[in-house]
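S.K.: There's a structure below that I have some questions on.
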Amino acid sequence: MALYRKYRPASFAEVVGQEHVTAPLSTALSAGRINHAYLFSGPRGCGKTSSARILARSLNCEQGPTPTPCGTCDSCVALAPNGPGNVDVVELDAASHGGVDDTRELRDRAFYAPAQSRYRIFIVDEAHMVTTAGFNALLKIVEEPPDHLIFVFATTEPEKVLPTIRSRTHHYPFRLLAPKTMRGLLERICRDEGVTVDDAVYPLVIRAGGGSPRDSLSVLDQLVAGADGNRVVYQRALALLGATDVALIDDAVDALTAGDAAALFGAVESVIDAGHDPRRFATDLLERFRDLIVLQAVPDAADRGVVDAPADVLERMREQAARLGSATLARYAEVVHAGLGEMRGATAPRLLLEVVCARLLLPSASDTEAALLQRIERIETRLDVSVPSNELNPAPAAPATRQFVRPSRTESEPPAPEPAPPAPEPAPVARPVPAPAPEPAPEPPPESEPVRAPAPAPSPAPTPPPAPTPPPPPAPVAPPTVAAAVGQPDAAAVRSMWNTVREKVNGRSKAVNAMLADAIVRTVDGDTLVLSHPAQSLVKRLGETKNAEIIRESIKDALGVDWQIRCVPDTGETVPAAGPAPAAPDPQAEEERMLAEANSDTSEVVRRDPEEVAIELLQTELGARRIDKG
């Protein structure tokens, strides 16, 4: 016997997931408030007809009307789930007996008193199939039935029931079962049947059943019938039900998260190679997006039973939901849903599936609300729109580093004519020295000697020569020779293309471009580009993951190399062909100028709300696109 027949409920207490119907019906039976007509509506396979039989059993029980039939009297035995039936309880299928002649015959039989029961009950299944003329033939008897007559109409489309009939019934809507409730029912039946089922099989059965207990039990019955050793394994259930392997769904979502077109189309190829239906893959992918959206909105959705999946799959879905934004997931779901509509009846479903994947990879392919929200979300995650207040003011440690920088620069700057400003300061000191020099020089030789004695004090200037010790840093410049040998550009090539790199950076983030105003390309250390900056606060900012990623992508576009970015404090040493370095004589003034320039470009971003900035950027871009289209 089929499982859905074997485990059909025999009382309202055994009906699963319909407490909103069984509770008031049980109360009405206990109180003796019996109506002459009932309307049970709801999706197929959710227990409407079974509940109608339970109602008839409860009404005709010798101890009734009662919500708990005794199960031993003649009426209860005859109306049991697998009983022979009762002459006073008539089931009519309106799909094949909905004409006016059938309803007239039913009306004529309804006037006869019950033969052996308390009530004469007519259960009209698929009541929406009764024609208008048929309902009109029943209207009079439904309005004013005899005391022994009760009608129970069951339908999946209550709105098609004649309003005059519907208004004279007690309407009870049945619902599909939640995944958590359905899983408990399936596990209990498998336990009673002595069948072992893999944990990952239950979500497949629940999805195949669509929330209908009857359909889910039919699917489970099929799997149990083909199980080896009373064990239902995941791979066999997957092949039999035609569902997409979870691994392929994970591959597709991970490829979308990384923007990897090759991996996404590779997943589609794997789906086709495995013999899966492209429409089914799209449906399963849409269900995954739904689960991710729910997990983002309700972190404990799994505990509530809203999302049903094995523990390992749930963990992967939580990671995917953390990497994808809600706007991105909403747009993905819209695109796949629209693609499913196009696939219906298509002769080349794989081609349409690949077109859907191409749309998923192009967020700007449309100007829909979801696409705009996705672009705003991406801008918010990539644009640095907040500068901490403690970083706007230079840290006190910065001047200390400037004191170490100045000696090395003053030693290298005297030869240049630029240090003219410091010249006026030694000038007044030089005047008193030449005045006494002509005359008193012979008389007080001892005094002139002590005067010259301090002059050796400047001789400690040789101490700066240790400053040449910094040249050891050029030693790491040796790696560029290795890079050049391999065919990659060296630091000199990056400096020559630095303006192009800056343009690429400016296209991605004006704030980061402003921070790079006085940055210097130091060296290429293996696969890492080392930059230096005189401002300690901006060194920290440029080293942040978001900003370093923007610079890395820009260098990749400009030079075709994928390097990591590291920013270090500027030690003051000169770099060949590094234009910005010598242009800063005073480090303190230089830092103030750099911060002012960075703040001038980012002031709007700092002061204003991030969403407003992102929206204005998008409006500007979309406006330009509309002008181009025009």
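Chain labels run A, B, ... following the order of the structure tokens; each chain numbers its residues from 1, and ligands are numbered from 1 in the order shown.
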What are the DSSP strand (DSSP E or B) residues of range 26-248 of chain A, as a CSV table (one decimal) with all heavy atoms, in the first residue's frame?
M.R.:
```
chain,number,residue,atom,x,y,z
A,37,ALA,N,-23.2,23.1,6.1
A,37,ALA,CA,-22.4,23.1,4.9
A,37,ALA,C,-21.0,23.7,5.3
A,37,ALA,O,-20.9,24.7,6.0
A,37,ALA,CB,-23.0,24.0,3.8
A,38,TYR,N,-20.0,23.0,4.8
A,38,TYR,CA,-18.6,23.4,5.0
A,38,TYR,C,-17.8,23.5,3.7
A,38,TYR,O,-18.1,22.7,2.8
A,38,TYR,CB,-17.9,22.3,5.9
A,38,TYR,CG,-18.4,22.2,7.3
A,38,TYR,CD1,-19.5,21.3,7.6
A,38,TYR,CD2,-17.9,23.0,8.4
A,38,TYR,CE1,-20.0,21.2,8.8
A,38,TYR,CE2,-18.5,22.8,9.7
A,38,TYR,CZ,-19.5,22.0,9.9
A,38,TYR,OH,-20.0,21.8,11.1
A,39,LEU,N,-16.9,24.4,3.7
A,39,LEU,CA,-16.0,24.6,2.5
A,39,LEU,C,-14.6,24.4,2.9
A,39,LEU,O,-14.1,25.2,3.7
A,39,LEU,CB,-16.3,25.9,1.8
A,39,LEU,CG,-15.4,26.3,0.6
A,39,LEU,CD1,-15.6,25.3,-0.5
A,39,LEU,CD2,-15.7,27.7,0.1
A,40,PHE,N,-13.9,23.3,2.4
A,40,PHE,CA,-12.5,23.1,2.7
A,40,PHE,C,-11.7,23.5,1.5
A,40,PHE,O,-11.9,22.9,0.4
A,40,PHE,CB,-12.2,21.7,3.1
A,40,PHE,CG,-12.8,21.2,4.4
A,40,PHE,CD1,-12.8,19.9,4.7
A,40,PHE,CD2,-13.3,22.2,5.3
A,40,PHE,CE1,-13.4,19.5,6.0
A,40,PHE,CE2,-13.9,21.8,6.5
A,40,PHE,CZ,-13.9,20.4,6.8
A,41,SER,N,-10.8,24.5,1.5
A,41,SER,CA,-10.1,24.9,0.4
A,41,SER,C,-8.6,24.9,0.7
A,41,SER,O,-8.2,24.9,1.9
A,41,SER,CB,-10.4,26.4,0.0
A,41,SER,OG,-10.0,27.3,1.0
A,89,VAL,N,-22.7,8.2,3.7
A,89,VAL,CA,-21.6,9.1,3.4
A,89,VAL,C,-21.2,8.9,1.9
A,89,VAL,O,-20.7,7.9,1.5
A,89,VAL,CB,-20.4,9.0,4.3
A,89,VAL,CG1,-19.3,10.0,3.9
A,89,VAL,CG2,-20.8,9.2,5.8
A,90,VAL,N,-21.5,9.9,1.1
A,90,VAL,CA,-21.4,9.8,-0.4
A,90,VAL,C,-20.3,10.8,-0.8
A,90,VAL,O,-20.3,12.0,-0.5
A,90,VAL,CB,-22.7,10.1,-1.1
A,90,VAL,CG1,-22.5,10.0,-2.6
A,90,VAL,CG2,-23.8,9.2,-0.6
A,91,GLU,N,-19.3,10.3,-1.5
A,91,GLU,CA,-18.2,11.1,-2.1
A,91,GLU,C,-18.5,11.3,-3.6
A,91,GLU,O,-18.7,10.3,-4.3
A,91,GLU,CB,-16.8,10.5,-1.8
A,91,GLU,CG,-16.4,10.5,-0.4
A,91,GLU,CD,-14.9,10.1,-0.2
A,91,GLU,OE1,-14.1,10.4,-1.2
A,91,GLU,OE2,-14.6,9.5,0.8
A,92,LEU,N,-18.5,12.5,-4.0
A,92,LEU,CA,-18.8,12.9,-5.4
A,92,LEU,C,-17.6,13.6,-6.0
A,92,LEU,O,-17.2,14.6,-5.4
A,92,LEU,CB,-20.1,13.7,-5.5
A,92,LEU,CG,-20.5,14.1,-6.9
A,92,LEU,CD1,-20.9,12.9,-7.7
A,92,LEU,CD2,-21.6,15.1,-6.8
A,93,ASP,N,-17.1,13.2,-7.1
A,93,ASP,CA,-16.0,13.9,-7.8
A,93,ASP,C,-16.6,14.8,-8.8
A,93,ASP,O,-17.1,14.4,-9.9
A,93,ASP,CB,-15.1,12.9,-8.5
A,93,ASP,CG,-13.9,13.6,-9.2
A,93,ASP,OD1,-13.7,14.8,-8.9
A,93,ASP,OD2,-13.2,12.9,-10.0
A,120,ARG,N,-26.7,12.3,7.0
A,120,ARG,CA,-26.5,11.9,5.6
A,120,ARG,C,-25.5,13.0,5.1
A,120,ARG,O,-25.8,14.2,5.0
A,120,ARG,CB,-27.7,11.9,4.8
A,120,ARG,CG,-27.5,11.3,3.4
A,120,ARG,CD,-28.9,11.1,2.8
A,120,ARG,NE,-28.8,10.5,1.4
A,120,ARG,CZ,-28.6,9.2,1.2
A,120,ARG,NH1,-28.5,8.3,2.2
A,120,ARG,NH2,-28.6,8.7,0.0
A,121,ILE,N,-24.3,12.6,4.7
A,121,ILE,CA,-23.2,13.6,4.4
A,121,ILE,C,-22.8,13.4,2.9
A,121,ILE,O,-22.6,12.3,2.5
A,121,ILE,CB,-22.0,13.4,5.3
A,121,ILE,CG1,-22.5,13.5,6.8
A,121,ILE,CG2,-20.9,14.4,5.0
A,121,ILE,CD1,-21.4,13.1,7.8
A,122,PHE,N,-22.7,14.5,2.2
A,122,PHE,CA,-22.3,14.5,0.8
A,122,PHE,C,-20.9,15.3,0.8
A,122,PHE,O,-20.9,16.5,1.1
A,122,PHE,CB,-23.3,15.2,-0.1
A,122,PHE,CG,-24.5,14.3,-0.4
A,122,PHE,CD1,-25.6,14.4,0.5
A,122,PHE,CD2,-24.5,13.4,-1.4
A,122,PHE,CE1,-26.7,13.6,0.3
A,122,PHE,CE2,-25.6,12.6,-1.6
A,122,PHE,CZ,-26.7,12.7,-0.8
A,123,ILE,N,-19.9,14.6,0.4
A,123,ILE,CA,-18.5,15.2,0.2
A,123,ILE,C,-18.3,15.5,-1.3
A,123,ILE,O,-18.2,14.5,-2.1
A,123,ILE,CB,-17.4,14.3,0.8
A,123,ILE,CG1,-17.7,14.1,2.3
A,123,ILE,CG2,-16.1,14.9,0.5
A,123,ILE,CD1,-16.7,13.1,2.9
A,124,VAL,N,-18.3,16.7,-1.7
A,124,VAL,CA,-18.2,17.1,-3.1
A,124,VAL,C,-16.7,17.5,-3.3
A,124,VAL,O,-16.3,18.6,-2.9
A,124,VAL,CB,-19.1,18.2,-3.5
A,124,VAL,CG1,-19.0,18.5,-5.0
A,124,VAL,CG2,-20.6,17.8,-3.2
A,125,ASP,N,-15.9,16.7,-3.9
A,125,ASP,CA,-14.5,17.0,-4.2
A,125,ASP,C,-14.4,17.7,-5.5
A,125,ASP,O,-15.2,17.6,-6.4
A,125,ASP,CB,-13.7,15.7,-4.3
A,125,ASP,CG,-12.2,15.9,-4.1
A,125,ASP,OD1,-11.8,17.1,-3.7
A,125,ASP,OD2,-11.4,15.0,-4.2
A,149,LEU,N,-29.1,16.5,6.8
A,149,LEU,CA,-28.2,16.6,5.6
A,149,LEU,C,-27.1,17.6,5.9
A,149,LEU,O,-27.3,18.7,6.4
A,149,LEU,CB,-29.0,17.1,4.4
A,149,LEU,CG,-28.3,17.2,3.1
A,149,LEU,CD1,-27.7,15.9,2.6
A,149,LEU,CD2,-29.2,17.8,2.0
A,150,ILE,N,-25.8,17.2,5.5
A,150,ILE,CA,-24.6,18.1,5.7
A,150,ILE,C,-23.8,17.9,4.4
A,150,ILE,O,-23.6,16.8,3.9
A,150,ILE,CB,-23.8,17.6,6.9
A,150,ILE,CG1,-24.5,17.9,8.2
A,150,ILE,CG2,-22.4,18.4,6.9
A,150,ILE,CD1,-23.8,17.5,9.4
A,151,PHE,N,-23.4,19.1,3.8
A,151,PHE,CA,-22.6,19.2,2.6
A,151,PHE,C,-21.1,19.6,3.1
A,151,PHE,O,-21.0,20.5,3.9
A,151,PHE,CB,-23.1,20.2,1.7
A,151,PHE,CG,-24.3,19.8,0.9
A,151,PHE,CD1,-25.6,20.1,1.2
A,151,PHE,CD2,-24.1,19.0,-0.3
A,151,PHE,CE1,-26.6,19.7,0.5
A,151,PHE,CE2,-25.2,18.6,-1.0
A,151,PHE,CZ,-26.5,18.9,-0.7
A,152,VAL,N,-20.1,18.9,2.5
A,152,VAL,CA,-18.7,19.3,2.6
A,152,VAL,C,-18.1,19.5,1.2
A,152,VAL,O,-18.0,18.5,0.5
A,152,VAL,CB,-18.0,18.3,3.4
A,152,VAL,CG1,-16.5,18.7,3.6
A,152,VAL,CG2,-18.6,18.0,4.8
A,153,PHE,N,-17.8,20.7,0.9
A,153,PHE,CA,-17.2,21.0,-0.4
A,153,PHE,C,-15.7,21.1,-0.2
A,153,PHE,O,-15.2,21.9,0.7
A,153,PHE,CB,-17.8,22.3,-1.0
A,153,PHE,CG,-19.3,22.3,-1.3
A,153,PHE,CD1,-20.1,22.9,-0.4
A,153,PHE,CD2,-19.8,21.7,-2.4
A,153,PHE,CE1,-21.5,22.8,-0.6
A,153,PHE,CE2,-21.1,21.7,-2.6
A,153,PHE,CZ,-22.0,22.2,-1.7
A,154,ALA,N,-15.0,20.4,-1.1
A,154,ALA,CA,-13.5,20.5,-1.1
A,154,ALA,C,-13.0,21.0,-2.4
A,154,ALA,O,-13.5,20.5,-3.5
A,154,ALA,CB,-12.9,19.2,-0.8
A,155,THR,N,-12.2,22.0,-2.4
A,155,THR,CA,-11.7,22.7,-3.7
A,155,THR,C,-10.3,23.3,-3.5
A,155,THR,O,-9.9,23.7,-2.4
A,155,THR,CB,-12.7,23.7,-4.1
A,155,THR,OG1,-12.3,24.3,-5.3
A,155,THR,CG2,-12.9,24.8,-3.1
A,170,HIS,N,-19.3,27.3,6.1
A,170,HIS,CA,-18.2,27.6,7.0
A,170,HIS,C,-16.9,27.3,6.2
A,170,HIS,O,-16.6,26.1,5.9
A,170,HIS,CB,-18.3,26.9,8.3
A,170,HIS,CG,-19.3,27.3,9.2
A,170,HIS,ND1,-19.5,26.8,10.5
A,170,HIS,CD2,-20.3,28.3,9.1
A,170,HIS,CE1,-20.5,27.5,11.1
A,170,HIS,NE2,-21.0,28.4,10.2
A,171,HIS,N,-16.1,28.4,6.0
A,171,HIS,CA,-14.9,28.2,5.1
A,171,HIS,C,-13.7,28.0,6.0
A,171,HIS,O,-13.4,28.8,6.8
A,171,HIS,CB,-14.8,29.5,4.2
A,171,HIS,CG,-13.6,29.3,3.3
A,171,HIS,ND1,-13.1,30.4,2.5
A,171,HIS,CD2,-12.9,28.3,2.8
A,171,HIS,CE1,-12.2,30.0,1.8
A,171,HIS,NE2,-12.0,28.7,1.9
A,172,TYR,N,-13.0,26.9,5.7
A,172,TYR,CA,-11.8,26.5,6.4
A,172,TYR,C,-10.6,26.4,5.4
A,172,TYR,O,-10.6,25.4,4.6
A,172,TYR,CB,-11.9,25.2,7.2
A,172,TYR,CG,-12.8,25.4,8.4
A,172,TYR,CD1,-14.2,25.0,8.3
A,172,TYR,CD2,-12.4,25.8,9.6
A,172,TYR,CE1,-15.0,25.1,9.4
A,172,TYR,CE2,-13.2,25.9,10.7
A,172,TYR,CZ,-14.6,25.6,10.6
A,172,TYR,OH,-15.4,25.7,11.6
A,173,PRO,N,-9.6,27.3,5.4
A,173,PRO,CA,-8.5,27.2,4.4
A,173,PRO,C,-7.4,26.3,4.9
A,173,PRO,O,-6.9,26.5,6.0
A,173,PRO,CB,-8.1,28.7,4.3
A,173,PRO,CG,-8.4,29.3,5.6
A,173,PRO,CD,-9.6,28.6,6.1
A,196,THR,N,16.4,3.7,6.7
A,196,THR,CA,17.4,4.7,7.0
A,196,THR,C,17.6,5.6,5.7
A,196,THR,O,17.8,5.1,4.6
A,196,THR,CB,18.8,4.0,7.3
A,196,THR,OG1,18.6,3.1,8.3
A,196,THR,CG2,19.8,5.1,7.6
A,197,VAL,N,17.5,6.9,6.0
A,197,VAL,CA,17.6,7.9,4.9
A,197,VAL,C,18.7,8.9,5.3
A,197,VAL,O,18.8,9.4,6.4
A,197,VAL,CB,16.2,8.7,4.8
A,197,VAL,CG1,16.3,9.7,3.7
A,197,VAL,CG2,15.1,7.7,4.5
A,228,ASP,N,18.4,0.1,-1.6
A,228,ASP,CA,19.1,-1.1,-1.3
A,228,ASP,C,19.4,-1.3,0.1
A,228,ASP,O,19.9,-0.3,0.8
A,228,ASP,CB,20.5,-1.1,-2.1
A,228,ASP,CG,20.3,-1.2,-3.6
A,228,ASP,OD1,19.3,-1.8,-4.0
A,228,ASP,OD2,21.2,-0.7,-4.3
A,231,ARG,N,18.1,1.5,2.8
A,231,ARG,CA,18.8,2.7,3.0
A,231,ARG,C,18.7,3.5,1.7
A,231,ARG,O,19.1,3.1,0.6
A,231,ARG,CB,20.3,2.4,3.3
A,231,ARG,CG,21.1,3.7,3.5
A,231,ARG,CD,22.5,3.4,3.8
A,231,ARG,NE,23.3,4.7,4.0
A,231,ARG,CZ,23.4,5.3,5.2
A,231,ARG,NH1,22.7,4.9,6.2
A,231,ARG,NH2,24.1,6.4,5.2
A,232,VAL,N,18.2,4.8,1.9
A,232,VAL,CA,18.1,5.7,0.8
A,232,VAL,C,19.3,6.6,0.8
A,232,VAL,O,19.5,7.4,1.8
A,232,VAL,CB,16.8,6.5,0.9
A,232,VAL,CG1,16.7,7.5,-0.3
A,232,VAL,CG2,15.6,5.6,1.0
```
S.K.: Hey, what's within 12 Å of Leu59 in chain A if we count only C-alpha atoms and toss same-chain stuff fewer than 4 positions away? As an MDAnalysis selection string, please?
M.R.: chainID A and resid 11 25:26 28:30 32:36 52:55 63:70 75:76 79 88:89 117:121 148:150
S.K.: Emit the selected residues as a PDB file, in the first residue's frame, including C-alpha atoms.
M.R.:
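What landed in out-v2.pdb:
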```
ATOM      1  CA  SER A  11      -8.758  11.750  13.567  1.00  0.00           C
ATOM      2  CA  LEU A  25     -13.516  22.162  14.163  1.00  0.00           C
ATOM      3  CA  SER A  26     -12.817  20.070  17.252  1.00  0.00           C
ATOM      4  CA  ALA A  28     -17.348  23.099  17.389  1.00  0.00           C
ATOM      5  CA  LEU A  29     -17.903  19.331  17.536  1.00  0.00           C
ATOM      6  CA  SER A  30     -17.394  19.272  21.284  1.00  0.00           C
ATOM      7  CA  GLY A  32     -22.411  20.581  19.315  1.00  0.00           C
ATOM      8  CA  ARG A  33     -22.376  23.598  16.972  1.00  0.00           C
ATOM      9  CA  ILE A  34     -22.844  21.758  13.703  1.00  0.00           C
ATOM     10  CA  ASN A  35     -23.311  23.667  10.452  1.00  0.00           C
ATOM     11  CA  HIS A  36     -25.138  22.262   7.444  1.00  0.00           C
ATOM     12  CA  ALA A  52     -13.795  15.796   5.290  1.00  0.00           C
ATOM     13  CA  ARG A  53     -13.852  12.030   5.956  1.00  0.00           C
ATOM     14  CA  ILE A  54     -12.692  12.606   9.540  1.00  0.00           C
ATOM     15  CA  LEU A  55     -15.506  15.146   9.961  1.00  0.00           C
ATOM     16  CA  GLN A  63     -20.498   8.622  20.942  1.00  0.00           C
ATOM     17  CA  GLY A  64     -20.631  11.745  18.776  1.00  0.00           C
ATOM     18  CA  PRO A  65     -20.643  14.255  17.522  1.00  0.00           C
ATOM     19  CA  THR A  66     -17.143  14.210  18.968  1.00  0.00           C
ATOM     20  CA  PRO A  67     -13.663  15.304  17.809  1.00  0.00           C
ATOM     21  CA  THR A  68     -12.264  11.914  18.944  1.00  0.00           C
ATOM     22  CA  PRO A  69     -14.179   9.061  17.265  1.00  0.00           C
ATOM     23  CA  CYS A  70     -14.208   5.811  19.220  1.00  0.00           C
ATOM     24  CA  SER A  75     -19.769   3.839  11.564  1.00  0.00           C
ATOM     25  CA  CYS A  76     -16.168   4.463  12.693  1.00  0.00           C
ATOM     26  CA  LEU A  79     -15.364   5.289   7.663  1.00  0.00           C
ATOM     27  CA  ASP A  88     -24.912   7.438   4.276  1.00  0.00           C
ATOM     28  CA  VAL A  89     -21.614   9.139   3.377  1.00  0.00           C
ATOM     29  CA  SER A 117     -26.280   6.878  10.704  1.00  0.00           C
ATOM     30  CA  ARG A 118     -27.025  10.155  12.415  1.00  0.00           C
ATOM     31  CA  TYR A 119     -26.353  12.343   9.363  1.00  0.00           C
ATOM     32  CA  ARG A 120     -26.456  11.940   5.603  1.00  0.00           C
ATOM     33  CA  ILE A 121     -23.225  13.576   4.391  1.00  0.00           C
ATOM     34  CA  HIS A 148     -30.119  15.215   8.626  1.00  0.00           C
ATOM     35  CA  LEU A 149     -28.203  16.619   5.619  1.00  0.00           C
ATOM     36  CA  ILE A 150     -24.636  18.053   5.655  1.00  0.00           C
TER      37      ILE A 150
END
```
S.K.: As a list in words, please: the residues near Val307 in chain A (cut-off 8 Å, only C-alpha atoms, same-chain neighbours under 6 positions excluded).
M.R.: Pro179, Asp291, Val294, Leu295 and Ala301 of chain A
S.K.: Record the distance separating CA of Pro489 in chain A and CA of Glu503 in chain A, expressed in Å with one decimal.
M.R.: 18.7 Å
S.K.: Which residues, written as a VMD selection string, have at least one atom at most 12 Å from range 247-259 of chain A, with only C-alpha atoms counted and residues fewer than 3 positions away on the same chain left out?
M.R.: chain A and resid 238 243 to 244 262 to 274 276 280 to 289 292 312 to 325 328 to 329 332 to 333 354 357 to 363 378
S.K.: Would you kindly return, as number ranges by chain, each protein, DNA or RNA residue with an atom no farther than 8 Å from any atom of range 163-166 of chain A, considering only C-alpha atoms and excluding same-chain residues fewer than 2 positions away?
M.R.: A: 39, 135, 139, 142-143, 158-159, 161, 168-169, 171
S.K.: Might you pull out every residue within 9 Å of Pro349 in chain A, with only C-alpha atoms counted and same-chain residues fewer than 6 positions away left off, and present them as number ranges by chain?
M.R.: A: 277-279, 342-343
S.K.: Please dump the current selection as a PDB file, in the first residue's frame; keep all heavy atoms.
M.R.:
```pdb
ATOM      1  N   ASP A 277      18.661  18.938 -16.332  1.00  0.00           N
ATOM      2  CA  ASP A 277      17.848  19.839 -17.141  1.00  0.00           C
ATOM      3  C   ASP A 277      18.254  21.278 -16.821  1.00  0.00           C
ATOM      4  O   ASP A 277      18.299  21.663 -15.645  1.00  0.00           O
ATOM      5  CB  ASP A 277      16.366  19.624 -16.825  1.00  0.00           C
ATOM      6  CG  ASP A 277      15.462  20.482 -17.687  1.00  0.00           C
ATOM      7  OD1 ASP A 277      15.969  21.092 -18.647  1.00  0.00           O
ATOM      8  OD2 ASP A 277      14.252  20.550 -17.394  1.00  0.00           O
ATOM      9  N   PRO A 278      18.575  22.104 -17.830  1.00  0.00           N
ATOM     10  CA  PRO A 278      18.943  23.499 -17.545  1.00  0.00           C
ATOM     11  C   PRO A 278      17.855  24.255 -16.793  1.00  0.00           C
ATOM     12  O   PRO A 278      18.158  25.109 -15.954  1.00  0.00           O
ATOM     13  CB  PRO A 278      19.163  24.092 -18.948  1.00  0.00           C
ATOM     14  CG  PRO A 278      19.518  22.927 -19.803  1.00  0.00           C
ATOM     15  CD  PRO A 278      18.735  21.777 -19.261  1.00  0.00           C
ATOM     16  N   ARG A 279      16.590  23.929 -17.076  1.00  0.00           N
ATOM     17  CA  ARG A 279      15.506  24.612 -16.353  1.00  0.00           C
ATOM     18  C   ARG A 279      15.537  24.248 -14.871  1.00  0.00           C
ATOM     19  O   ARG A 279      15.313  25.097 -14.016  1.00  0.00           O
ATOM     20  CB  ARG A 279      14.152  24.225 -16.964  1.00  0.00           C
ATOM     21  CG  ARG A 279      13.987  24.571 -18.430  1.00  0.00           C
ATOM     22  CD  ARG A 279      12.623  24.110 -18.933  1.00  0.00           C
ATOM     23  NE  ARG A 279      12.497  24.277 -20.365  1.00  0.00           N
ATOM     24  CZ  ARG A 279      12.884  23.390 -21.266  1.00  0.00           C
ATOM     25  NH1 ARG A 279      13.452  22.265 -20.870  1.00  0.00           N
ATOM     26  NH2 ARG A 279      12.710  23.612 -22.554  1.00  0.00           N
ATOM     27  N   GLU A 342      11.533  32.833 -19.747  1.00  0.00           N
ATOM     28  CA  GLU A 342      11.946  32.716 -21.145  1.00  0.00           C
ATOM     29  C   GLU A 342      12.233  31.265 -21.521  1.00  0.00           C
ATOM     30  O   GLU A 342      12.083  30.882 -22.683  1.00  0.00           O
ATOM     31  CB  GLU A 342      13.187  33.574 -21.389  1.00  0.00           C
ATOM     32  CG  GLU A 342      12.955  35.066 -21.184  1.00  0.00           C
ATOM     33  CD  GLU A 342      14.245  35.859 -21.285  1.00  0.00           C
ATOM     34  OE1 GLU A 342      15.295  35.231 -21.505  1.00  0.00           O
ATOM     35  OE2 GLU A 342      14.189  37.095 -21.148  1.00  0.00           O
ATOM     36  N   MET A 343      12.679  30.459 -20.550  1.00  0.00           N
ATOM     37  CA  MET A 343      12.996  29.055 -20.854  1.00  0.00           C
ATOM     38  C   MET A 343      11.753  28.205 -21.074  1.00  0.00           C
ATOM     39  O   MET A 343      11.834  27.133 -21.669  1.00  0.00           O
ATOM     40  CB  MET A 343      13.811  28.447 -19.706  1.00  0.00           C
ATOM     41  CG  MET A 343      15.225  28.945 -19.607  1.00  0.00           C
ATOM     42  SD  MET A 343      16.104  28.101 -18.275  1.00  0.00           S
ATOM     43  CE  MET A 343      17.568  29.122 -18.173  1.00  0.00           C
TER      44      MET A 343
END
```
S.K.: Excluding same-chain residues fewer than 3 positions from Arg175 in chain A, what lies within 9 Å of it counting only C-alpha atoms, as a PyMOL selection string?
M.R.: chain A and resi 17-18+41-43+46-47+211-212
S.K.: What is the CA of Ser537 in chain A to CA of Gly560 in chain A distance in Å?
M.R.: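 Atom-to-atom, CA of Ser537 in chain A and CA of Gly560 in chain A are spaced 29.5 Å apart.
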S.K.: What does the distance from CA of Ala237 in chain A to CA of Gly210 in chain A come to in Å, to one decimal?
M.R.: 16.1 Å
S.K.: Using only C-alpha atoms, can you tell me which of A:Leu240, A:Ala10, A:Ala519, A:Leu373 comes closest to Gly275 in chain A?
M.R.: A:Leu240
